[in-house]
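Only one structure is covered here, and it is reproduced in the block below.
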Amino acid sequence: MTEFASRAFLITFLLCALALTLGQLGLAQDLDEDVAPQSGDFSLDCDLSSFTLKPRSERNDLNRMATLVANLLNSVTNDQKRSLNYCVGDKEMHSWTNVPGRRPGGVRLGSLGEEAQQHVWTALRSLLSEEGFATVELLATDIERASGVGTVEDYTVAVFGNPMIDSAWGLQFDGHHIALNFLVHGDDLLLAPMFLGSEPLTVNGSTPLEDEIQWGRELFESLSEEEQAQATVEGLVRGDVRAGSGNGHLDRGKDFPFEEFENVGIPLSNLSDEQLEVAGDLIDVYLFYLPSPHAENIRDAIKPKLTTGFFTFSQRGERVYYRIYVPDAILIEYNEEARDHLHTVMRLLDPENLNDYGPFAWNAARAVHTVHDHLQTRTR
């Protein structure tokens, strides 16, 4: 090899080595940028040490739900995530509303991109039974549009916790006539409180809350005249259910003194086996917005307590109010606000396990004496 060729080879080799080194440095920098969080990234920092948490579930259905909710979180911007994702137990968990207009937190459905909106509906489909999802979808779309108050884009969604890591996480979907508060804790899936309403009652031949309308009346009609008189309380057909969220953005119903409902109406212990079966069917109408086997799990916990409860009925013209209250178990309220307008609410009241917001309504600074005490907002 000539001296000129040797120098040319050396120069070429050095240039290639330099290019390779610079390329590796650039690649390393690109990788660092991909992996390292940017200064604007959002992440939850939650202190749950004051709660007694169950181990994370290994159930396939709950883990699939977790993945679908995580897909929603991964499809939004960091700015949106700041308004979308909260710690379980945060005050925002008790800030749902069923009145028109936006709540302080959460993200309006219409402000999300098409992909994120699809993830919301996919997550709801997994968390609800097939019939439950069909009812909610109809209320949020056709019924809401017919009401003239808003559109499906006005509903709000919020996520609590990290579904892929935490043993407790939640999803909320709320707005006009719909408030769904889901909580996964260990192997439990809860939907409580749940608020559903409708105005008008029927659109294009479909009445989404038809079972709620019919089964309460059927239970009352199954009673004898004497039993009907015992169940009836005058003046309960009013502007709203008593243990709902009220007209604000905070769930005032969780502070309701539920013991006021005891000994009001006919004791369920007075009913025949056939009438108790109708009462159980009415409760199932509300519980089975959840999929199996989670609805059955809650029903199995309520059933032994059923005869400690009360059925209350009121009527004003054609409008009806009814209530099933089983202490330390469940509250169902139904009220016809007007001829073509109704509200319902369901709350779970078991102070040990199956209750509104799970352990995240617990006030550790107070001893539990009543359901009212148990359901106080935890002080942060």
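Ordering of the structure tokens sets the chain letters (A, B, ...), residue numbers begin anew at 1 in every chain, and ligands are numbered from 1 in the order given.
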### Query
Got a sec: who's within 8 Å of segment 336-348 of chain A, counting only C-alpha atoms, leaving out chain neighbours fewer than 4 positions off, as a ChimeraX atom specification?
/A:177,192-201,237-241,243-244,286,318-321,328-332,354-356
Could the residues in this selection be saved with N, CA, C and O atoms as a short mmCIF file (atom, residue, chain, number, x, y, z; two decimals), in the first residue's frame?
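Written file, again_32.cif:
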```cif
data_model
loop_
_atom_site.label_atom_id
_atom_site.label_comp_id
_atom_site.auth_asym_id
_atom_site.auth_seq_id
_atom_site.Cartn_x
_atom_site.Cartn_y
_atom_site.Cartn_z
N HIS A 177 -78.72 13.90 35.05
CA HIS A 177 -79.49 12.67 35.23
C HIS A 177 -78.66 11.39 35.23
O HIS A 177 -79.22 10.29 35.19
N ALA A 192 -71.68 2.70 43.58
CA ALA A 192 -72.44 3.37 44.64
C ALA A 192 -71.68 4.60 45.12
O ALA A 192 -70.47 4.51 45.37
N PRO A 193 -72.40 5.73 45.22
CA PRO A 193 -73.80 5.90 44.87
C PRO A 193 -74.02 5.90 43.37
O PRO A 193 -73.12 6.20 42.59
N MET A 194 -75.25 5.56 42.99
CA MET A 194 -75.66 5.58 41.59
C MET A 194 -76.92 6.43 41.49
O MET A 194 -77.91 6.16 42.18
N PHE A 195 -76.89 7.43 40.66
CA PHE A 195 -78.05 8.29 40.41
C PHE A 195 -78.41 8.18 38.93
O PHE A 195 -77.56 8.36 38.06
N LEU A 196 -79.68 7.89 38.67
CA LEU A 196 -80.17 7.86 37.29
C LEU A 196 -81.52 8.57 37.25
O LEU A 196 -82.36 8.38 38.13
N GLY A 197 -81.72 9.37 36.23
CA GLY A 197 -82.99 10.05 36.03
C GLY A 197 -83.33 10.10 34.57
O GLY A 197 -82.51 9.73 33.71
N SER A 198 -84.52 10.56 34.27
CA SER A 198 -84.94 10.62 32.87
C SER A 198 -85.99 11.71 32.69
O SER A 198 -86.91 11.83 33.48
N GLU A 199 -85.80 12.51 31.65
CA GLU A 199 -86.78 13.50 31.21
C GLU A 199 -86.51 13.80 29.74
O GLU A 199 -85.46 14.39 29.44
N PRO A 200 -87.36 13.36 28.85
CA PRO A 200 -88.61 12.63 29.04
C PRO A 200 -88.35 11.17 29.42
O PRO A 200 -87.20 10.72 29.44
N LEU A 201 -89.42 10.45 29.72
CA LEU A 201 -89.29 9.05 30.10
C LEU A 201 -89.09 8.14 28.89
O LEU A 201 -88.45 7.09 29.01
N VAL A 237 -93.91 12.65 47.56
CA VAL A 237 -93.69 13.02 46.16
C VAL A 237 -93.33 14.50 46.14
O VAL A 237 -94.15 15.36 46.40
N ARG A 238 -92.07 14.74 45.89
CA ARG A 238 -91.56 16.11 46.01
C ARG A 238 -90.58 16.40 44.89
O ARG A 238 -90.52 15.66 43.91
N GLY A 239 -89.78 17.44 45.05
CA GLY A 239 -88.89 17.87 43.99
C GLY A 239 -87.70 16.99 43.74
O GLY A 239 -87.05 17.11 42.71
N ASP A 240 -87.37 16.11 44.67
CA ASP A 240 -86.18 15.29 44.47
C ASP A 240 -86.17 14.15 45.46
O ASP A 240 -86.90 14.17 46.46
N VAL A 241 -85.33 13.15 45.19
CA VAL A 241 -85.07 12.12 46.19
C VAL A 241 -84.36 12.77 47.37
O VAL A 241 -83.64 13.77 47.21
N ALA A 243 -81.96 11.56 49.50
CA ALA A 243 -80.55 11.27 49.72
C ALA A 243 -79.74 11.38 48.44
O ALA A 243 -78.77 10.66 48.23
N GLY A 244 -80.14 12.31 47.57
CA GLY A 244 -79.38 12.57 46.36
C GLY A 244 -78.28 13.59 46.61
O GLY A 244 -77.97 13.94 47.75
N TYR A 286 -81.82 -2.41 40.43
CA TYR A 286 -80.77 -1.42 40.67
C TYR A 286 -79.39 -2.07 40.77
O TYR A 286 -78.40 -1.52 40.26
N GLU A 318 -101.00 10.88 39.67
CA GLU A 318 -100.38 9.73 39.01
C GLU A 318 -98.90 9.59 39.37
O GLU A 318 -98.27 8.59 39.02
N ARG A 319 -98.36 10.59 40.04
CA ARG A 319 -96.93 10.57 40.37
C ARG A 319 -96.68 9.74 41.63
O ARG A 319 -97.49 9.70 42.55
N VAL A 320 -95.52 9.07 41.65
CA VAL A 320 -95.22 8.09 42.69
C VAL A 320 -93.83 8.34 43.29
O VAL A 320 -92.91 8.78 42.59
N TYR A 321 -93.73 8.08 44.58
CA TYR A 321 -92.45 7.99 45.28
C TYR A 321 -92.41 6.62 45.96
O TYR A 321 -93.42 6.19 46.54
N ASP A 328 -77.87 -0.57 57.30
CA ASP A 328 -76.53 -1.16 57.12
C ASP A 328 -76.45 -2.04 55.89
O ASP A 328 -75.65 -2.98 55.85
N ALA A 329 -77.25 -1.74 54.88
CA ALA A 329 -77.22 -2.56 53.67
C ALA A 329 -77.42 -1.70 52.42
O ALA A 329 -76.49 -1.50 51.65
N ILE A 330 -78.66 -1.19 52.23
CA ILE A 330 -78.95 -0.52 50.97
C ILE A 330 -80.08 0.49 51.14
O ILE A 330 -80.97 0.32 51.98
N LEU A 331 -80.01 1.54 50.33
CA LEU A 331 -81.11 2.50 50.20
C LEU A 331 -81.41 2.66 48.71
O LEU A 331 -80.49 2.89 47.91
N ILE A 332 -82.68 2.54 48.36
CA ILE A 332 -83.15 2.83 47.01
C ILE A 332 -84.26 3.86 47.14
O ILE A 332 -85.20 3.67 47.91
N LEU A 354 -69.24 -3.17 51.92
CA LEU A 354 -69.89 -2.78 50.68
C LEU A 354 -70.68 -1.50 50.90
O LEU A 354 -71.86 -1.53 51.22
N ASN A 355 -70.03 -0.36 50.72
CA ASN A 355 -70.69 0.91 50.98
C ASN A 355 -70.21 1.97 49.99
O ASN A 355 -69.20 1.79 49.30
N ASP A 356 -70.96 3.06 49.93
CA ASP A 356 -70.57 4.18 49.07
C ASP A 356 -69.10 4.55 49.31
O ASP A 356 -68.70 4.77 50.46
#
```
### Query
Can you list, as a PyMOL selection string, every residue of segment 245-351 of chain A that DSSP puts in helix (DSSP H, G or I)?
chain A and resi 252-255+258-261+268-270+273-287+294-308
Can I get the selected residues back with C-alpha atoms, as a JSON list (two decimals), in the first residue's frame?
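part-v6.json, freshly written:
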```json
[["chain", "number", "residue", "atom", "x", "y", "z"],
["A", 252, "ARG", "CA", -74.69, 15.94, 50.30],
["A", 253, "GLY", "CA", -76.60, 12.66, 50.42],
["A", 254, "LYS", "CA", -73.67, 10.87, 52.02],
["A", 255, "ASP", "CA", -74.24, 12.97, 55.15],
["A", 258, "PHE", "CA", -80.39, 7.51, 57.23],
["A", 259, "GLU", "CA", -81.76, 6.42, 60.59],
["A", 260, "GLU", "CA", -84.69, 8.77, 59.83],
["A", 261, "PHE", "CA", -85.93, 6.10, 57.42],
["A", 268, "LEU", "CA", -90.29, -6.03, 55.10],
["A", 269, "SER", "CA", -90.54, -8.65, 57.82],
["A", 270, "ASN", "CA", -94.34, -8.32, 57.52],
["A", 273, "ASP", "CA", -92.44, -14.94, 50.87],
["A", 274, "GLU", "CA", -93.96, -14.00, 47.51],
["A", 275, "GLN", "CA", -93.97, -10.30, 48.38],
["A", 276, "LEU", "CA", -90.38, -10.51, 49.62],
["A", 277, "GLU", "CA", -89.46, -12.05, 46.29],
["A", 278, "VAL", "CA", -90.96, -9.02, 44.51],
["A", 279, "ALA", "CA", -88.98, -6.73, 46.85],
["A", 280, "GLY", "CA", -85.84, -8.67, 45.97],
["A", 281, "ASP", "CA", -86.62, -8.33, 42.27],
["A", 282, "LEU", "CA", -86.99, -4.57, 42.71],
["A", 283, "ILE", "CA", -83.59, -4.37, 44.43],
["A", 284, "ASP", "CA", -82.10, -6.43, 41.60],
["A", 285, "VAL", "CA", -83.26, -3.81, 39.08],
["A", 286, "TYR", "CA", -80.77, -1.42, 40.67],
["A", 287, "LEU", "CA", -77.99, -3.86, 41.59],
["A", 294, "HIS", "CA", -70.35, -8.56, 41.25],
["A", 295, "ALA", "CA", -74.08, -7.77, 41.39],
["A", 296, "GLU", "CA", -74.74, -11.21, 42.89],
["A", 297, "ASN", "CA", -72.04, -10.67, 45.52],
["A", 298, "ILE", "CA", -73.78, -7.53, 46.76],
["A", 299, "ARG", "CA", -77.21, -9.16, 46.59],
["A", 300, "ASP", "CA", -75.93, -12.10, 48.66],
["A", 301, "ALA", "CA", -74.69, -9.66, 51.31],
["A", 302, "ILE", "CA", -78.03, -7.82, 51.41],
["A", 303, "LYS", "CA", -80.36, -10.82, 51.38],
["A", 304, "PRO", "CA", -79.83, -11.92, 55.02],
["A", 305, "LYS", "CA", -80.62, -8.36, 56.17],
["A", 306, "LEU", "CA", -83.67, -7.85, 53.98],
["A", 307, "THR", "CA", -86.29, -8.48, 56.67],
["A", 308, "THR", "CA", -84.80, -5.70, 58.81]]
```
### Counting only C-alpha atoms, the option among A:Leu128, A:Ala231, A:Ile165, A:Leu84 closest to Leu109 of chain A
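For Leu109 of chain A, the nearest of the candidates is A:Leu84.
The list of residues with at least one atom within 9 Å of segment 245-251 of chain A, based on only C-alpha atoms and without residues fewer than 3 positions apart in the same chain, reads Lys91, Glu92, His94, Ser95, Trp96, Thr97, Asn98, Val99, Arg102, Arg103, Pro104, Phe195, Asp240, Val241, Arg242, Lys254 and Asp255 of chain A.
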### Query
Quick one: residues within 6 Å of Leu72 of chain A, only C-alpha atoms counted, chain neighbours fewer than 2 positions away excluded, as JSON, numbers by chain?
{"A": [69, 70, 74, 75, 116, 119]}
### Task
Write out as a ChimeraX atom specification all residues of segment 208-311 of chain A that backbone DSSP assigns to strand (DSSP E or B).
/A:232,266-267,310-311
### Message
Could you check the closest approach to Gln117 of chain A for each of A:Glu131, A:Glu153, A:Glu137, A:Asp61 and tell me which residue wins, using only C-alpha atoms?
### Response
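Of the candidates, the smallest distance to Gln117 of chain A is held by A:Glu153.
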